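> Have a look at this one before I ask anything.
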Number of protein chains: 2
Amino acid sequence: MTTDAGAPRNTHQRRAVSTLLGSVEGFHSAQELHSMLRDRGERVGLTTVYRTLQGLADAGEIDVMRPPGGEHLYRRCSEGHHHHLVCRSCGSTVEVEGPAVEHWADRVAEKHGFTDVSHTLEIFGTCRDCG
Amino acid sequence: MTTDAGAPRNTHQRRAVSTLLGSVEGFHSAQELHSMLRDRGERVGLTTVYRTLQGLADAGEIDVMRPPGGEHLYRRCSEGHHHHLVCRSCGSTVEVEGPAVEHWADRVAEKHGFTDVSHTLEIFGTCRDCG
DNA sequence: GCCGACAATGAAATTGATTGTCAAAAACGC
DNA sequence: GCGTTTTTGACAATCAATTTCATTGTCGGC
């Protein structure tokens, strides 16, 4: 039995999810993405969508956001690390960057002896249109 | 047809939950809190625990954290605004403060025309003991 | 180009936390 | 104390997410 990690196989479905994420904007739930794939005529099971999204998230290729409302939202991760400013009413999102925040988070974690540090930061508010 | 908002009544159960939150440390799930109440001999239904926690959260008296794992965790909100550094393995939490981050978040949100701004920031890592 | 091993898929069933329902009980005002 | 209204709580319902497991498709070797 080879102890190799097992390379992920290049399947039609995996590519479909990846391609879809590259063509849509904003955050979408797994179920939304599944519906979109069906509309496109792609035959991908909901289970596979979840699994693929999980894999991509683990690989750091997509962002996962968990709004207070409930279901997880996924989005293609743009290069670099960034966070999101989300409107509570219309759901529009604005990408924001905060190098100082990243640095601060890492520094604080290391100060407490934590390694393999990651963090999530989400800003919620009411945008001008919805105010 | 009184349009009054309905004053919350001061019930035994509500006080039990509130008291419990004041006496425990760290974050606990609703079901954990429910079990603790039972251990204490308090007779409170799980439904009521959820409702009470929701009410307290709405009132801003407790913090709600939603770790990647799944269930919501509640904690008595200490004065002032702070965030948490959570170990992925042992679950221990460290309170951290970052006035600069607060300020940055508000400033960014306002710059984009957002009002009624709030934010969530959680740092995950592996603590020294679990590393 | 073909075969066999083994991971990936997907439909259905399961899980598990959270929420809704509604009759019974308790709290508040008078 | 009495009546009204809120609150409670056991149970059912909901819903996203995961697991299961037989089938299918890929990959690597021949």
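So you can find residues: chains in the structure tokens are A, B, ... in the order shown, residues in each start at 1, and ligands are numbered from 1 in order.
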Write out as JSON, numbers by chain each polymer residue whose atoms come within 10 Å of range 11-21 of chain B, counting only C-alpha atoms (C1' of nucleotides); drop sequence neighbours fewer than 2 positions from it.

{"B": [8, 9, 23, 24, 25, 26, 27, 28, 33, 34, 36, 37, 40, 42, 43, 44, 45, 48, 49, 50, 51, 52, 53, 55, 56, 61, 62, 74, 75, 76, 77], "C": [26, 27], "D": [7, 8]}

> May I have the residues within 12 Å of DC11 in chain D as a list in words, using only C-alpha atoms (C1' of nucleotides) and disregarding those fewer than 3 positions away in the same chain?

Gly45, Leu46 and Thr47 of chain B; DG20, DT21 and DC22 of chain C

> Report the residues of chain A whose backbone DSSP state falls under alpha helix (DSSP H), written as number ranges by chain.

A: 12-23, 30-39, 46-58, 99-111

> Residues at most 10 Å from range 123-129 of chain B, counting only C-alpha atoms (C1' of nucleotides), excluding those fewer than 4 positions away in the same chain, as a ChimeraX atom specification?

/A:105-106,108-110,112-121 /B:67-68,83-94,96

> Keeping N, CA, C and O atoms, export the residues of the selection given above as a compact mmCIF listing (two decimals), in the first residue's frame.


```txt
# COMPACT_ATOMS: atom_id res chain seq x y z
N ALA A 105 -3.47 40.38 14.02
CA ALA A 105 -4.01 39.07 14.40
C ALA A 105 -2.88 38.06 14.57
O ALA A 105 -2.83 37.32 15.56
N ASP A 106 -1.98 38.03 13.62
CA ASP A 106 -0.87 37.08 13.70
C ASP A 106 0.00 37.35 14.92
O ASP A 106 0.42 36.43 15.63
N VAL A 108 -0.81 38.87 17.73
CA VAL A 108 -1.51 38.54 18.97
C VAL A 108 -1.50 37.03 19.20
O VAL A 108 -1.23 36.55 20.30
N ALA A 109 -1.77 36.28 18.14
CA ALA A 109 -1.83 34.83 18.27
C ALA A 109 -0.47 34.27 18.68
O ALA A 109 -0.37 33.43 19.57
N GLU A 110 0.57 34.76 18.05
CA GLU A 110 1.90 34.27 18.36
C GLU A 110 2.30 34.63 19.78
O GLU A 110 2.97 33.87 20.48
N HIS A 112 0.52 34.59 22.21
CA HIS A 112 -0.10 33.64 23.13
C HIS A 112 0.33 32.21 22.83
O HIS A 112 -0.26 31.26 23.35
N GLY A 113 1.30 32.05 21.97
CA GLY A 113 1.84 30.72 21.71
C GLY A 113 1.03 29.92 20.70
O GLY A 113 1.17 28.70 20.63
N PHE A 114 0.20 30.59 19.94
CA PHE A 114 -0.62 29.87 18.95
C PHE A 114 0.12 29.79 17.63
O PHE A 114 0.79 30.73 17.21
N THR A 115 -0.05 28.64 16.97
CA THR A 115 0.55 28.47 15.66
C THR A 115 -0.52 28.14 14.64
O THR A 115 -1.67 27.87 15.01
N ASP A 116 -0.13 28.10 13.38
CA ASP A 116 -1.07 27.77 12.32
C ASP A 116 -2.31 28.67 12.43
O ASP A 116 -3.44 28.21 12.49
N VAL A 117 -2.04 29.95 12.43
CA VAL A 117 -3.08 30.92 12.74
C VAL A 117 -3.89 31.32 11.52
O VAL A 117 -3.35 31.55 10.44
N SER A 118 -5.18 31.35 11.70
CA SER A 118 -6.05 31.93 10.67
C SER A 118 -7.07 32.78 11.39
O SER A 118 -7.21 32.70 12.61
N HIS A 119 -7.80 33.56 10.65
CA HIS A 119 -8.80 34.38 11.32
C HIS A 119 -9.93 34.72 10.35
O HIS A 119 -9.77 34.65 9.13
N THR A 120 -11.04 35.07 10.93
CA THR A 120 -12.17 35.50 10.12
C THR A 120 -12.62 36.85 10.64
O THR A 120 -12.71 37.07 11.84
N LEU A 121 -12.89 37.73 9.70
CA LEU A 121 -13.35 39.07 10.07
C LEU A 121 -14.44 39.48 9.10
O LEU A 121 -14.25 39.47 7.89
N PRO B 67 -18.40 28.89 15.73
CA PRO B 67 -17.16 28.27 15.24
C PRO B 67 -17.44 27.46 13.98
O PRO B 67 -18.57 27.05 13.75
N PRO B 68 -16.41 27.23 13.18
CA PRO B 68 -16.56 26.46 11.95
C PRO B 68 -17.22 25.10 12.20
O PRO B 68 -17.85 24.56 11.32
N HIS B 83 -12.47 40.36 21.30
CA HIS B 83 -12.57 39.23 20.39
C HIS B 83 -11.91 38.02 21.02
O HIS B 83 -11.41 38.10 22.14
N HIS B 84 -11.89 36.93 20.28
CA HIS B 84 -11.41 35.71 20.90
C HIS B 84 -10.41 34.97 20.03
O HIS B 84 -10.54 34.91 18.82
N LEU B 85 -9.46 34.41 20.73
CA LEU B 85 -8.45 33.57 20.12
C LEU B 85 -8.76 32.15 20.58
O LEU B 85 -8.73 31.86 21.77
N VAL B 86 -9.11 31.31 19.64
CA VAL B 86 -9.62 29.99 19.98
C VAL B 86 -8.69 28.90 19.48
O VAL B 86 -8.24 28.93 18.32
N CYS B 87 -8.42 27.93 20.34
CA CYS B 87 -7.59 26.80 19.92
C CYS B 87 -8.46 25.77 19.21
O CYS B 87 -9.53 25.40 19.70
N ARG B 88 -7.99 25.33 18.07
CA ARG B 88 -8.77 24.37 17.27
C ARG B 88 -8.89 23.02 17.95
O ARG B 88 -9.84 22.29 17.73
N SER B 89 -7.89 22.67 18.75
CA SER B 89 -7.90 21.34 19.35
C SER B 89 -8.60 21.30 20.69
O SER B 89 -9.55 20.56 20.88
N CYS B 90 -8.12 22.08 21.63
CA CYS B 90 -8.65 21.96 22.98
C CYS B 90 -9.77 22.95 23.24
O CYS B 90 -10.46 22.85 24.25
N GLY B 91 -9.98 23.89 22.34
CA GLY B 91 -11.13 24.78 22.48
C GLY B 91 -10.93 25.91 23.48
O GLY B 91 -11.85 26.68 23.70
N SER B 92 -9.76 25.99 24.06
CA SER B 92 -9.54 27.05 25.03
C SER B 92 -9.59 28.41 24.33
O SER B 92 -9.19 28.54 23.17
N THR B 93 -10.11 29.38 25.04
CA THR B 93 -10.23 30.70 24.43
C THR B 93 -9.45 31.73 25.22
O THR B 93 -9.36 31.65 26.43
N VAL B 94 -8.91 32.66 24.50
CA VAL B 94 -8.21 33.77 25.11
C VAL B 94 -8.87 35.05 24.64
O VAL B 94 -9.09 35.23 23.44
N VAL B 96 -8.94 38.76 23.58
CA VAL B 96 -7.97 39.72 23.08
C VAL B 96 -8.70 41.02 22.75
O VAL B 96 -9.87 41.01 22.38
```
